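Student: I am attaching a structure below and will ask some questions about it afterwards.
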Amino acid sequence: MPYKKAEKISFLGVERVVGCLCQCASEEMERECEKHRAEEELLHIRQMKSAGLQDSTFFDYTFANSDETHPCAKYARRYVEHFAEFQKNGQGLLFWGNVGTGKTFLAGCIANALMEKNIPVLMTSFPKLLNALGGLYSGEKNEYLKSLNQYRLLIIDDLGVERDTPYVLETVYLVIDERYKSGKSFIITTNLSLEELRNPADLEHGRIYDRIMERCVPVAFSGKNYRTDKGRKNVEDAAGKLRDEPA
């Protein structure tokens, strides 16, 4: 290793001669350290995404892959940009609207963007949570619900697709209530209308929806069905490939 010069230092009354790194060697070492830090950060982000995105399709839900003309994309971006302010009061979002209008996709964009900033996020669905909680005893269930609070943002997809049994409604309430009491932010996506959420059919649904409406800003998704458009394009692409095949 190259040295700029030898210097004499005194340590505990004993003088020693030590070498000093020259500037080029010092800069090279700093570059290597920075490269190592960047690699560790990327590994950490990959691990976070592996644990936090509970559906493989969520990995591709990024702003880089989004339709910038989508009317709700700006709200998703602003939530990421101002997340530190939103989380102070545990404020989240409620993406509501018809099937295929981009609710899950933009929620995934938020998840990926925050994890790129080293912010732990869990993006899951009510059916997955119900399945995870299904075989647990009361104490284990409470521990599982509390474990979700390690994530600074919890995104739950597809409220309303679960069955309306007393057990399911009670479990959904426990998930929402635990997050509500923790004071941490959450995002909900649903095909339910705002009218249904504000005027629930019964008390069981009402206590769930009240928690959500108190903490989450409603964002309406309407317009074209992105899922149908994508499906139609996939069919057309496949048909084109078939037509291009030699006879």
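For the structure tokens, the naming scheme is as follows: chains receive sequential letters (A, B, ...) according to their order of presentation, residues are indexed from 1 within each chain, and ligands are indexed from 1 in presentation order.
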Write out as a list in words each polymer residue whose atoms come within 10 Å of A:Leu148, counting only C-alpha atoms; drop sequence neighbours fewer than 5 positions from it.

Tutor: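 After dropping sequence-adjacent residues, the list is Val121, Leu122, Glu143, Leu153, Leu154, Val175, Glu178, Arg179 and Ser182 of chain A.
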
Student: Could those residues be written to a file, using N, CA, C and O atoms, as a short mmCIF file (atom, residue, chain, number, x, y, z; two decimals), in the first residue's frame?

Tutor:
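again.cif written:
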```
data_model
loop_
_atom_site.label_atom_id
_atom_site.label_comp_id
_atom_site.auth_asym_id
_atom_site.auth_seq_id
_atom_site.Cartn_x
_atom_site.Cartn_y
_atom_site.Cartn_z
N VAL A 121 -42.38 -1.51 4.56
CA VAL A 121 -43.78 -1.51 4.16
C VAL A 121 -44.23 -2.96 4.00
O VAL A 121 -43.48 -3.80 3.51
N LEU A 122 -45.46 -3.25 4.40
CA LEU A 122 -46.07 -4.55 4.12
C LEU A 122 -47.28 -4.31 3.23
O LEU A 122 -48.16 -3.53 3.57
N GLU A 143 -50.29 -11.56 19.02
CA GLU A 143 -48.87 -11.36 18.72
C GLU A 143 -48.65 -11.10 17.24
O GLU A 143 -47.85 -10.26 16.85
N LEU A 153 -45.69 1.41 7.18
CA LEU A 153 -46.91 1.53 6.39
C LEU A 153 -47.45 0.14 6.12
O LEU A 153 -46.70 -0.76 5.73
N LEU A 154 -48.74 -0.03 6.34
CA LEU A 154 -49.42 -1.29 6.04
C LEU A 154 -50.42 -1.02 4.93
O LEU A 154 -51.30 -0.16 5.06
N VAL A 175 -57.77 -6.56 12.76
CA VAL A 175 -56.62 -6.09 11.96
C VAL A 175 -56.64 -4.57 11.88
O VAL A 175 -55.62 -3.90 12.16
N GLU A 178 -56.19 -2.84 15.46
CA GLU A 178 -54.81 -2.88 15.97
C GLU A 178 -53.96 -1.81 15.29
O GLU A 178 -53.18 -1.11 15.94
N ARG A 179 -54.14 -1.67 13.98
CA ARG A 179 -53.38 -0.64 13.26
C ARG A 179 -53.82 0.75 13.71
O ARG A 179 -52.99 1.66 13.89
N SER A 182 -52.34 1.56 17.04
CA SER A 182 -50.89 1.74 17.00
C SER A 182 -50.50 3.16 16.57
O SER A 182 -49.38 3.60 16.80
#
```

Student: Write out as a list in words each polymer residue whose atoms come within 6 Å of A:Cys109, counting only C-alpha atoms; drop sequence neighbours fewer than 6 positions from it.

Tutor: Tyr61, Thr62 and Phe63 of chain A

Student: Save out the residues we just selected, N, CA, C and O atoms, as a PDB file, in the first residue's frame.

Tutor:
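Contents of result23.pdb, freshly written:
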```pdb
ATOM      1  N   TYR A  61     -44.961  -3.093  -9.745  1.00  0.00           N
ATOM      2  CA  TYR A  61     -45.845  -1.940  -9.574  1.00  0.00           C
ATOM      3  C   TYR A  61     -45.010  -0.749  -9.101  1.00  0.00           C
ATOM      4  O   TYR A  61     -44.883  -0.462  -7.913  1.00  0.00           O
ATOM      5  N   THR A  62     -44.406  -0.060 -10.053  1.00  0.00           N
ATOM      6  CA  THR A  62     -43.537   1.072  -9.732  1.00  0.00           C
ATOM      7  C   THR A  62     -43.961   2.294 -10.539  1.00  0.00           C
ATOM      8  O   THR A  62     -44.621   2.174 -11.578  1.00  0.00           O
ATOM      9  N   PHE A  63     -43.557   3.476 -10.052  1.00  0.00           N
ATOM     10  CA  PHE A  63     -43.880   4.705 -10.778  1.00  0.00           C
ATOM     11  C   PHE A  63     -43.223   4.715 -12.157  1.00  0.00           C
ATOM     12  O   PHE A  63     -43.756   5.319 -13.086  1.00  0.00           O
TER      13      PHE A  63
END
```

Student: Using only C-alpha atoms, what table do you get, as JSON lines, when you list each residue of stretch 105-139 of chain A with an atom no more than 12 Å from stretch 164-168 of chain A, its nearest pair of atoms, and their distance in Å rounded to one decimal, rows by chain then rising number?

Tutor:
```
{"residue": "A:Phe126", "atom": "CA", "partner": "A:Val168", "partner_atom": "CA", "distance": 9.5}
{"residue": "A:Pro127", "atom": "CA", "partner": "A:Val168", "partner_atom": "CA", "distance": 9.6}
{"residue": "A:Leu129", "atom": "CA", "partner": "A:Val168", "partner_atom": "CA", "distance": 10.4}
{"residue": "A:Leu130", "atom": "CA", "partner": "A:Val168", "partner_atom": "CA", "distance": 7.4}
{"residue": "A:Asn131", "atom": "CA", "partner": "A:Val168", "partner_atom": "CA", "distance": 10.3}
{"residue": "A:Leu133", "atom": "CA", "partner": "A:Val168", "partner_atom": "CA", "distance": 10.3}
{"residue": "A:Gly134", "atom": "CA", "partner": "A:Val168", "partner_atom": "CA", "distance": 9.5}
```

Student: Just give me the gap between atom CA of A:Arg78 and atom CA of A:Thr104 in Å, one decimal is fine.

Tutor: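 These two atoms are separated by 16.7 Å.
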
Student: Report the residues of stretch 71-186 of chain A whose backbone DSSP state falls under helix (DSSP H, G or I), written as a ChimeraX atom specification.

Tutor: /A:73-81,83-88,103-116,126-134,138-150,166-182
